[in-house]
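Encoded as structure tokens, the structure appears first; notes follow it.
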Amino acid sequence: RSFTQYRHQNQKPKSPQNKTNLSKMETVRPYLNAMPGAIYLTDLPLITNIALVSNIMLALSPMTSVIKMIRTGDVTCVPKPFIIAQNVSSTLWAMYGIIAADDLSLFSSGTAEIFAFFYLVSLSAVARDGKFFLGMLAFLVSEVYFLGFHASEDIIGTLGVCTTLSLFVAPLGALRGVLGTKNNGTLNYPVAFIGFISCIACVVYGLLQMDPYVFYPNLIGGILSLTQLTVFHWAAGHLPHGFPSIIALKLLFGVKEEESKKTKTD
């Protein structure tokens, strides 16, 4: 209760740009109400619980790689850029949840930060890199102090959007190789699937709450996750060779048809 009172007392008014985004989002709600199963899509507690569970599952998804790193001592199992982005993103969204009085962002991102910090400690211990740990710890403390106590909701929301998109864009680097070789071993299917479910739930949640900082990044993240799932199933032979979205992706990534045919022949 004290958290809720603090958030509502210290919540800053929406900026003009934010109000414009909210008015744009309002035009989408009639379409949501007209969709099949609208009674479930507009059930805020249900959508919140789905988003919360899926977000926590997404935060837990690197756990197998971290355990493998601890057992084998192979620090390449957990890339440093991913650990940095996850810690920064989770901390930003937890602060956003406090300032914007958004319970989903607070509890899901707060839980995610606990796991992200564990991954950070594990990586630093296995790599015996104390400087990396102390540097990240100092950065996170500074982030909480300067942004959490002095920044507006819009600034924290914008930074949160950028870090979230970086987490979804990062796996796309492997798509060109998959499109050329049809070897989907570099794609993490469970992470992409959970990410897709999480994004869809957060898109609906952001729409119901009229929160553009939750709605827009998860809309883009859902599309990117669906792209990974499509490429995975295409490489596994579940989709035809000339599937329209695959052709579009090949053109986007500059993968020539001759390259794919040569790989298939080999």
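We label chains A, B, ... in the order they appear in the structure tokens, count residues from 1 in each chain, and number ligands from 1 in the order shown.
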
inquiry  = With DSSP run on the backbone, what are the alpha helix (DSSP H) residues within stretch 71-232 of chain A? I'd like them as number ranges by chain.
reply    = A: 71-72, 80-99, 103-127, 130-148, 153-169, 175-181, 189-209, 212-232

Give one line per residue of stretch 74-164 of chain A that approaches stretch 169-174 of chain A to at most 10 Å, naming the two atoms of the closest pair and their distance in Å to one decimal, counting only C-alpha atoms; sort by chain then ascending residue number and deliver it as CSV.
```
residue,atom,partner,partner_atom,distance
A:Pro81,CA,A:Ala170,CA,9.5
A:Phe82,CA,A:Ala170,CA,8.5
A:Thr163,CA,A:Val169,CA,9.9
A:Thr164,CA,A:Val169,CA,8.8
```

Residue subset to file, keeping N, CA and C atoms, as an mmCIF file, in the first residue's frame:
```cif
data_model
loop_
_atom_site.group_PDB
_atom_site.id
_atom_site.type_symbol
_atom_site.label_atom_id
_atom_site.label_comp_id
_atom_site.auth_asym_id
_atom_site.auth_seq_id
_atom_site.Cartn_x
_atom_site.Cartn_y
_atom_site.Cartn_z
ATOM 1 N N PRO A 81 27.332 -8.928 -23.568
ATOM 2 C CA PRO A 81 26.353 -7.907 -23.987
ATOM 3 C C PRO A 81 24.925 -8.248 -23.588
ATOM 4 N N PHE A 82 24.577 -9.534 -23.631
ATOM 5 C CA PHE A 82 23.228 -9.946 -23.238
ATOM 6 C C PHE A 82 22.997 -9.704 -21.756
ATOM 7 N N THR A 163 16.264 -0.372 -24.704
ATOM 8 C CA THR A 163 16.945 -1.580 -24.222
ATOM 9 C C THR A 163 16.130 -2.839 -24.529
ATOM 10 N N THR A 164 14.798 -2.730 -24.460
ATOM 11 C CA THR A 164 13.952 -3.884 -24.788
ATOM 12 C C THR A 164 14.108 -4.271 -26.245
#
```

Selected residue of minimal separation from A:Phe107 among A:Asn49, A:Gly135, A:Ile155, A:Tyr119, counting only C-alpha atoms = A:Asn49

For A:Val204, please output as a PDB file with N, CA and C atoms, in the first residue's frame all residues within 9 Å (counting only C-alpha atoms; exclusion window: fewer than 3 positions along the same chain).
```pdb
ATOM      1  N   LEU A  32     -10.149  -4.239 -31.002  1.00  0.00           N
ATOM      2  CA  LEU A  32      -9.890  -5.273 -30.006  1.00  0.00           C
ATOM      3  C   LEU A  32     -11.195  -5.817 -29.441  1.00  0.00           C
ATOM      4  N   LEU A  41      -9.769 -11.063 -24.058  1.00  0.00           N
ATOM      5  CA  LEU A  41      -8.757 -10.075 -24.406  1.00  0.00           C
ATOM      6  C   LEU A  41      -8.904  -8.791 -23.596  1.00  0.00           C
ATOM      7  N   THR A  42     -10.109  -8.510 -23.149  1.00  0.00           N
ATOM      8  CA  THR A  42     -10.340  -7.295 -22.367  1.00  0.00           C
ATOM      9  C   THR A  42     -10.401  -7.567 -20.869  1.00  0.00           C
ATOM     10  N   LEU A  44      -8.588  -7.594 -17.906  1.00  0.00           N
ATOM     11  CA  LEU A  44      -7.290  -7.068 -17.473  1.00  0.00           C
ATOM     12  C   LEU A  44      -6.566  -7.972 -16.474  1.00  0.00           C
ATOM     13  N   ILE A  47      -5.130 -10.967 -18.474  1.00  0.00           N
ATOM     14  CA  ILE A  47      -4.017 -10.555 -19.331  1.00  0.00           C
ATOM     15  C   ILE A  47      -2.786 -10.222 -18.494  1.00  0.00           C
ATOM     16  N   CYS A 199       5.111 -10.959 -25.499  1.00  0.00           N
ATOM     17  CA  CYS A 199       4.871  -9.714 -26.225  1.00  0.00           C
ATOM     18  C   CYS A 199       3.390  -9.526 -26.545  1.00  0.00           C
ATOM     19  N   ILE A 200       2.726 -10.604 -26.962  1.00  0.00           N
ATOM     20  CA  ILE A 200       1.305 -10.501 -27.282  1.00  0.00           C
ATOM     21  C   ILE A 200       0.509 -10.086 -26.033  1.00  0.00           C
ATOM     22  N   ALA A 201       0.829 -10.720 -24.898  1.00  0.00           N
ATOM     23  CA  ALA A 201       0.129 -10.381 -23.653  1.00  0.00           C
ATOM     24  C   ALA A 201       0.407  -8.930 -23.249  1.00  0.00           C
ATOM     25  N   LEU A 207      -2.402  -1.856 -24.329  1.00  0.00           N
ATOM     26  CA  LEU A 207      -3.571  -1.255 -24.958  1.00  0.00           C
ATOM     27  C   LEU A 207      -4.671  -1.001 -23.931  1.00  0.00           C
ATOM     28  N   LEU A 208      -4.899  -1.977 -23.065  1.00  0.00           N
ATOM     29  CA  LEU A 208      -5.920  -1.812 -22.033  1.00  0.00           C
ATOM     30  C   LEU A 208      -5.542  -0.716 -21.038  1.00  0.00           C
ATOM     31  N   GLN A 209      -4.259  -0.610 -20.744  1.00  0.00           N
ATOM     32  CA  GLN A 209      -3.790   0.403 -19.799  1.00  0.00           C
ATOM     33  C   GLN A 209      -3.474   1.732 -20.475  1.00  0.00           C
ATOM     34  N   PHE A 215       3.096  -0.793 -24.933  1.00  0.00           N
ATOM     35  CA  PHE A 215       2.447  -1.279 -26.158  1.00  0.00           C
ATOM     36  C   PHE A 215       3.423  -1.375 -27.331  1.00  0.00           C
TER      37      PHE A 215
END
```

Give me, as a Markdown table, each residue of stretch 138-250 of chain A that comes within 9 Å of stretch 59-62 of chain A, together with its shortest interatomic pair and the distance in Å at one decimal, counting only C-alpha atoms, with rows ordered by chain and rising residue number.
```
| residue | atom | partner | partner_atom | distance |
| --- | --- | --- | --- | --- |
| A:Pro190 | CA | A:Ser61 | CA | 7.8 |
| A:Val191 | CA | A:Ser61 | CA | 6.2 |
| A:Ile194 | CA | A:Ser61 | CA | 8.6 |
```

For those residues, write C-alpha atoms to a file as a PDB file, in the first residue's frame.
```
ATOM      1  CA  PRO A 190      11.881 -21.784 -26.568  1.00  0.00           C
ATOM      2  CA  VAL A 191      13.090 -18.207 -26.001  1.00  0.00           C
ATOM      3  CA  ILE A 194       8.004 -17.496 -24.842  1.00  0.00           C
TER       4      ILE A 194
END
```

inquiry  = One decimal, in Å: what's the spacing between atom CA of A:Ser89 and atom CA of A:Gly160?
reply    = 5.9 Å
